[in-house]
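A short worksheet on the structure shown next.
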Amino acid sequence: MSDATVPARKRQPSGRRPASDRVRLRRLPERGHYDRATIDAIVDAAVVGHVGYVVDGQPFVTPTAVWRHGDRLYWHGSTASRMLRATKDGVPVCVTMTHLDGLVLARSGFDHSLNYRSVMVLGRAREVEGDEQRLAALRDFVEHLFPGRWDELRPPTRRELRATTVLWIDLDEASAKIRVGPPKDPEEDRSWPVWAGVVPVRSAAGTPEPDAHLPAGIPLPAYLRGDALTGAARKASRPHPQRGGAP
Ligand SMILES: Cc1cc2nc3c(=O)[nH]c(=O)nc-3n(C[C@H](O)[C@H](O)[C@H](O)COP(=O)(O)OP(=O)(O)OC[C@H]3O[C@@H](n4cnc5c(N)ncnc54)[C@H](O)[C@@H]3O)c2cc1C
């Protein structure tokens, strides 16, 4: 998909300057954002990220659950996970999070596109050390998805905590890229007799399905009712705050 038709004069970066040259958008830089408010909004709306790293010269990109606390982006998993074992000792990683907001249908195949919000973070992964610190990070993970749920849960055992690796990366070297709006057909294509426009895409949680072993009398928690249904899914469906709404 291409957006080569964006006029060069519009290609100005917005937001503050990139933290480093390697996170500076070259391609369509007017879609770049480097301010933490924009980056945090995209990260906080994400449930899944992709962690990229290299083992023995072979790149791997592993999808995994992610969450933010302050200036750090976290992910976790079994101590047996190759991804976690390979990246925990200060290994360089690249983590991305993407939200698809729309399918953009142009008059030519060349100008078809997608509306999206994405973040790319570069840095070195570090391990959360100590049971208390791991516990706090896991609490953040659950609370990110379901605000108020952690205190209702059976507390983790020491064995569970020891079987879990939690990693983090600083969010200080990151970029956001956002595309919004209609197709960018060149003027001479606009009269071509084919439908063109945007099909909005939304991420939405469905109706909760109770577990077969749920004892009678346990009500649906407030964080799963109506509009409160999963904090992350709710945030994911919000339009971008600075642009007044991806379609
Ligand atoms: C859902 C989705 C679909 C896309 N589809 C296409 C497609 O079909 N074809 C295509 O060419 N491109 C597509 N893109 C854009 C793509 O992610 C790249 O931005 C683009 O290919 C340019 O890559 P580059 O390496 O030349 O970028 P450069 O501008 O050279 O990258 C330099 C730096 O800019 C930042 N950056 C680049 N891209 C992103 C990004 N997406 N999010 C956050 N930071 C970024 C990074 O820090 C990177 O290190 C899509 C993006 C998304 C989110």
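In the structure tokens, each chain is lettered A, B, ... as it comes, each chain's residues begin at 1, and ligands are numbered from 1 in order of appearance.
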
Wanna dump the chain A-ligand 1 contacts at 10 Å for me, each residue with its shortest atom pair and the distance in Å to one decimal, counting only C-alpha atoms and all ligand atoms, ordered by chain and number, as JSON lines?
```
{"residue": "A:Met1", "atom": "CA", "partner": "ligand 1", "partner_atom_place_in_ligand_line": "8 (O)", "distance": 4.0}
{"residue": "A:Ser2", "atom": "CA", "partner": "ligand 1", "partner_atom_place_in_ligand_line": "9 (N)", "distance": 6.0}
{"residue": "A:Asp3", "atom": "CA", "partner": "ligand 1", "partner_atom_place_in_ligand_line": "11 (O)", "distance": 8.5}
{"residue": "A:Ala4", "atom": "CA", "partner": "ligand 1", "partner_atom_place_in_ligand_line": "11 (O)", "distance": 9.8}
{"residue": "A:Pro18", "atom": "CA", "partner": "ligand 1", "partner_atom_place_in_ligand_line": "47 (O)", "distance": 8.5}
{"residue": "A:Ala19", "atom": "CA", "partner": "ligand 1", "partner_atom_place_in_ligand_line": "47 (O)", "distance": 9.6}
{"residue": "A:Ser20", "atom": "CA", "partner": "ligand 1", "partner_atom_place_in_ligand_line": "47 (O)", "distance": 8.7}
{"residue": "A:Asp21", "atom": "CA", "partner": "ligand 1", "partner_atom_place_in_ligand_line": "33 (C)", "distance": 8.0}
{"residue": "A:Arg22", "atom": "CA", "partner": "ligand 1", "partner_atom_place_in_ligand_line": "49 (O)", "distance": 5.0}
{"residue": "A:Val23", "atom": "CA", "partner": "ligand 1", "partner_atom_place_in_ligand_line": "47 (O)", "distance": 3.1}
{"residue": "A:Arg24", "atom": "CA", "partner": "ligand 1", "partner_atom_place_in_ligand_line": "33 (C)", "distance": 4.7}
{"residue": "A:Leu25", "atom": "CA", "partner": "ligand 1", "partner_atom_place_in_ligand_line": "34 (O)", "distance": 3.5}
{"residue": "A:Arg26", "atom": "CA", "partner": "ligand 1", "partner_atom_place_in_ligand_line": "29 (O)", "distance": 3.5}
{"residue": "A:Arg27", "atom": "CA", "partner": "ligand 1", "partner_atom_place_in_ligand_line": "29 (O)", "distance": 3.8}
{"residue": "A:Leu28", "atom": "CA", "partner": "ligand 1", "partner_atom_place_in_ligand_line": "29 (O)", "distance": 6.8}
{"residue": "A:Pro29", "atom": "CA", "partner": "ligand 1", "partner_atom_place_in_ligand_line": "29 (O)", "distance": 6.8}
{"residue": "A:Arg31", "atom": "CA", "partner": "ligand 1", "partner_atom_place_in_ligand_line": "40 (C)", "distance": 8.9}
{"residue": "A:Gly32", "atom": "CA", "partner": "ligand 1", "partner_atom_place_in_ligand_line": "44 (N)", "distance": 7.1}
{"residue": "A:His33", "atom": "CA", "partner": "ligand 1", "partner_atom_place_in_ligand_line": "44 (N)", "distance": 8.4}
{"residue": "A:Tyr34", "atom": "CA", "partner": "ligand 1", "partner_atom_place_in_ligand_line": "44 (N)", "distance": 9.1}
{"residue": "A:Ile39", "atom": "CA", "partner": "ligand 1", "partner_atom_place_in_ligand_line": "43 (C)", "distance": 9.2}
{"residue": "A:Cys94", "atom": "CA", "partner": "ligand 1", "partner_atom_place_in_ligand_line": "49 (O)", "distance": 9.0}
{"residue": "A:Val95", "atom": "CA", "partner": "ligand 1", "partner_atom_place_in_ligand_line": "43 (C)", "distance": 9.8}
{"residue": "A:Thr96", "atom": "CA", "partner": "ligand 1", "partner_atom_place_in_ligand_line": "42 (N)", "distance": 7.2}
{"residue": "A:Met97", "atom": "CA", "partner": "ligand 1", "partner_atom_place_in_ligand_line": "42 (N)", "distance": 7.9}
{"residue": "A:Thr98", "atom": "CA", "partner": "ligand 1", "partner_atom_place_in_ligand_line": "53 (C)", "distance": 5.4}
{"residue": "A:His99", "atom": "CA", "partner": "ligand 1", "partner_atom_place_in_ligand_line": "1 (C)", "distance": 6.7}
{"residue": "A:Leu100", "atom": "CA", "partner": "ligand 1", "partner_atom_place_in_ligand_line": "1 (C)", "distance": 5.4}
{"residue": "A:Asp101", "atom": "CA", "partner": "ligand 1", "partner_atom_place_in_ligand_line": "1 (C)", "distance": 8.3}
{"residue": "A:Gly102", "atom": "CA", "partner": "ligand 1", "partner_atom_place_in_ligand_line": "1 (C)", "distance": 9.1}
{"residue": "A:Leu103", "atom": "CA", "partner": "ligand 1", "partner_atom_place_in_ligand_line": "1 (C)", "distance": 9.6}
{"residue": "A:His112", "atom": "CA", "partner": "ligand 1", "partner_atom_place_in_ligand_line": "8 (O)", "distance": 8.8}
{"residue": "A:Ser113", "atom": "CA", "partner": "ligand 1", "partner_atom_place_in_ligand_line": "8 (O)", "distance": 6.9}
{"residue": "A:Leu114", "atom": "CA", "partner": "ligand 1", "partner_atom_place_in_ligand_line": "3 (C)", "distance": 5.9}
{"residue": "A:Asn115", "atom": "CA", "partner": "ligand 1", "partner_atom_place_in_ligand_line": "1 (C)", "distance": 7.0}
{"residue": "A:Tyr116", "atom": "CA", "partner": "ligand 1", "partner_atom_place_in_ligand_line": "53 (C)", "distance": 5.3}
{"residue": "A:Arg117", "atom": "CA", "partner": "ligand 1", "partner_atom_place_in_ligand_line": "53 (C)", "distance": 5.9}
{"residue": "A:Ser118", "atom": "CA", "partner": "ligand 1", "partner_atom_place_in_ligand_line": "42 (N)", "distance": 4.4}
{"residue": "A:Val119", "atom": "CA", "partner": "ligand 1", "partner_atom_place_in_ligand_line": "43 (C)", "distance": 4.0}
{"residue": "A:Met120", "atom": "CA", "partner": "ligand 1", "partner_atom_place_in_ligand_line": "43 (C)", "distance": 4.4}
{"residue": "A:Val121", "atom": "CA", "partner": "ligand 1", "partner_atom_place_in_ligand_line": "47 (O)", "distance": 6.9}
{"residue": "A:Leu122", "atom": "CA", "partner": "ligand 1", "partner_atom_place_in_ligand_line": "47 (O)", "distance": 7.4}
{"residue": "A:Glu173", "atom": "CA", "partner": "ligand 1", "partner_atom_place_in_ligand_line": "47 (O)", "distance": 8.0}
{"residue": "A:Ala174", "atom": "CA", "partner": "ligand 1", "partner_atom_place_in_ligand_line": "47 (O)", "distance": 6.1}
{"residue": "A:Ser175", "atom": "CA", "partner": "ligand 1", "partner_atom_place_in_ligand_line": "44 (N)", "distance": 4.5}
{"residue": "A:Ala176", "atom": "CA", "partner": "ligand 1", "partner_atom_place_in_ligand_line": "43 (C)", "distance": 4.2}
{"residue": "A:Lys177", "atom": "CA", "partner": "ligand 1", "partner_atom_place_in_ligand_line": "42 (N)", "distance": 4.3}
{"residue": "A:Ile178", "atom": "CA", "partner": "ligand 1", "partner_atom_place_in_ligand_line": "42 (N)", "distance": 7.4}
{"residue": "A:Arg179", "atom": "CA", "partner": "ligand 1", "partner_atom_place_in_ligand_line": "53 (C)", "distance": 8.2}
```

(request) Name all residues at most 10 Å from Phe60 of chain A (count only C-alpha atoms; drop same-chain ones fewer than 3 positions away) and give them as a list in words. (result)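 Contacts, in chain order: His50, Val51, Gly52, Tyr53, Val54, Val55, Gly57, Pro63 and Met83 of chain A.
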
Dump N, CA and C atoms for the selected residues as a PDB file, in the first residue's frame?
```pdb
ATOM      1  N   HIS A  50       4.402  -6.610  19.688  1.00  0.00           N
ATOM      2  CA  HIS A  50       5.295  -7.566  19.029  1.00  0.00           C
ATOM      3  C   HIS A  50       6.723  -7.228  19.423  1.00  0.00           C
ATOM      4  N   VAL A  51       7.407  -8.224  20.008  1.00  0.00           N
ATOM      5  CA  VAL A  51       8.782  -8.028  20.470  1.00  0.00           C
ATOM      6  C   VAL A  51       9.723  -8.619  19.426  1.00  0.00           C
ATOM      7  N   GLY A  52      10.565  -7.769  18.852  1.00  0.00           N
ATOM      8  CA  GLY A  52      11.534  -8.211  17.858  1.00  0.00           C
ATOM      9  C   GLY A  52      12.921  -8.289  18.462  1.00  0.00           C
ATOM     10  N   TYR A  53      13.654  -9.360  18.136  1.00  0.00           N
ATOM     11  CA  TYR A  53      15.011  -9.553  18.671  1.00  0.00           C
ATOM     12  C   TYR A  53      15.735 -10.530  17.746  1.00  0.00           C
ATOM     13  N   VAL A  54      17.039 -10.608  17.905  1.00  0.00           N
ATOM     14  CA  VAL A  54      17.836 -11.475  17.026  1.00  0.00           C
ATOM     15  C   VAL A  54      18.538 -12.528  17.871  1.00  0.00           C
ATOM     16  N   VAL A  55      18.409 -13.796  17.470  1.00  0.00           N
ATOM     17  CA  VAL A  55      19.144 -14.890  18.132  1.00  0.00           C
ATOM     18  C   VAL A  55      19.984 -15.587  17.069  1.00  0.00           C
ATOM     19  N   GLY A  57      21.777 -14.453  14.760  1.00  0.00           N
ATOM     20  CA  GLY A  57      21.628 -13.863  13.431  1.00  0.00           C
ATOM     21  C   GLY A  57      20.234 -13.999  12.835  1.00  0.00           C
ATOM     22  N   PRO A  63       4.617 -12.094  19.203  1.00  0.00           N
ATOM     23  CA  PRO A  63       3.468 -11.360  19.756  1.00  0.00           C
ATOM     24  C   PRO A  63       3.268 -11.717  21.218  1.00  0.00           C
ATOM     25  N   MET A  83      11.727 -16.526  24.038  1.00  0.00           N
ATOM     26  CA  MET A  83      11.702 -15.079  23.823  1.00  0.00           C
ATOM     27  C   MET A  83      12.175 -14.344  25.078  1.00  0.00           C
TER      28      MET A  83
END
```

(message) I need the residues in segment 52-221 of chain A that are strand (DSSP E or B) according to DSSP; give them as a ChimeraX atom specification.
(response) /A:52-55,58-69,72-78,89-105,113-127,164-170,174-179,197-200

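Proximity of A:Asp111, A:Asp40, A:Asp89, A:Glu127 to Pro186 of chain A, computed with only C-alpha atoms, is greatest for A:Asp111.
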
(message) Set the distance at 12 Å and use only C-alpha atoms: which residues neighbour segment 149-161 of chain A once local chain neighbours fewer than 5 positions away are removed? I'd like the list as a PyMOL selection string.
(response) chain A and resi 76-79+128-144+166+218+220-224+230-231

(request) Choose the residue, out of A:Asp35, A:Glu30, A:Asp56, A:Asp170, that has the smallest atom-to-atom separation from Gly70 of chain A; count only C-alpha atoms. (result) A:Asp170

With a distance cut-off of 9 Å and only C-alpha atoms, select the neighbouring residues of Ala196 of chain A, excluding the residue or stretch itself and same-chain residues fewer than 6 positions from it, and output the selection as a PDB file with N, CA and C atoms, in the first residue's frame.
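The result, stored in out.pdb:
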```pdb
ATOM      1  N   VAL A 104      -8.741   1.854   3.776  1.00  0.00           N
ATOM      2  CA  VAL A 104      -8.834   3.031   2.915  1.00  0.00           C
ATOM      3  C   VAL A 104      -8.867   2.577   1.463  1.00  0.00           C
ATOM      4  N   LEU A 105     -10.029   2.757   0.827  1.00  0.00           N
ATOM      5  CA  LEU A 105     -10.224   2.295  -0.549  1.00  0.00           C
ATOM      6  C   LEU A 105     -10.079   3.465  -1.509  1.00  0.00           C
ATOM      7  N   ALA A 106      -9.042   3.401  -2.311  1.00  0.00           N
ATOM      8  CA  ALA A 106      -8.768   4.471  -3.271  1.00  0.00           C
ATOM      9  C   ALA A 106      -9.258   4.058  -4.656  1.00  0.00           C
ATOM     10  N   ARG A 107      -9.051   4.934  -5.632  1.00  0.00           N
ATOM     11  CA  ARG A 107      -9.490   4.623  -7.013  1.00  0.00           C
ATOM     12  C   ARG A 107      -8.485   3.740  -7.745  1.00  0.00           C
ATOM     13  N   PRO A 182      -9.229  10.201   4.501  1.00  0.00           N
ATOM     14  CA  PRO A 182      -9.690   9.543   3.274  1.00  0.00           C
ATOM     15  C   PRO A 182      -8.533   9.097   2.394  1.00  0.00           C
ATOM     16  N   PRO A 183      -8.871   8.403   1.283  1.00  0.00           N
ATOM     17  CA  PRO A 183      -7.810   8.034   0.334  1.00  0.00           C
ATOM     18  C   PRO A 183      -7.158   9.279  -0.247  1.00  0.00           C
ATOM     19  N   ARG A 190      -9.988  11.188  -9.339  1.00  0.00           N
ATOM     20  CA  ARG A 190     -11.181  11.310  -8.496  1.00  0.00           C
ATOM     21  C   ARG A 190     -12.490  11.047  -9.225  1.00  0.00           C
TER      22      ARG A 190
END
```

(request) Report the distance between atom CA of Val66 of chain A and atom CA of Trp168 of chain A in Å, rounded to one decimal place. (result)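 Atom CA of Trp168 of chain A lies 9.4 Å from atom CA of Val66 of chain A.
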
(request) Mind the document's chain letters and residue numbers, and return as an MDAnalysis selection string the residues of segment 164-231 of chain A that DSSP labels helix (DSSP H, G or I). (result) chainID A and resid 187:189 222:224 226:228 231

(message) Counting only C-alpha atoms, which residue out of A:Thr38, A:Leu145, A:Ala163, A:Ser108 sits closest to Glu188 of chain A?
(response)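 When distances to Glu188 of chain A are compared using only C-alpha atoms, the smallest one comes from A:Ser108.
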
(request) Quote the spacing between atom CA of Phe146 of chain A and atom CA of Ala212 of chain A in Å to one decimal place. (result)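 A separation of 20.9 Å between them.
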
(message) Taking only C-alpha atoms into account, name the residue in A:Gly226, A:Glu187, A:Asp172, A:Arg124 that is nearest to Arg17 of chain A.
(response)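 The shortest atom-to-atom distance to Arg17 of chain A comes from A:Asp172.
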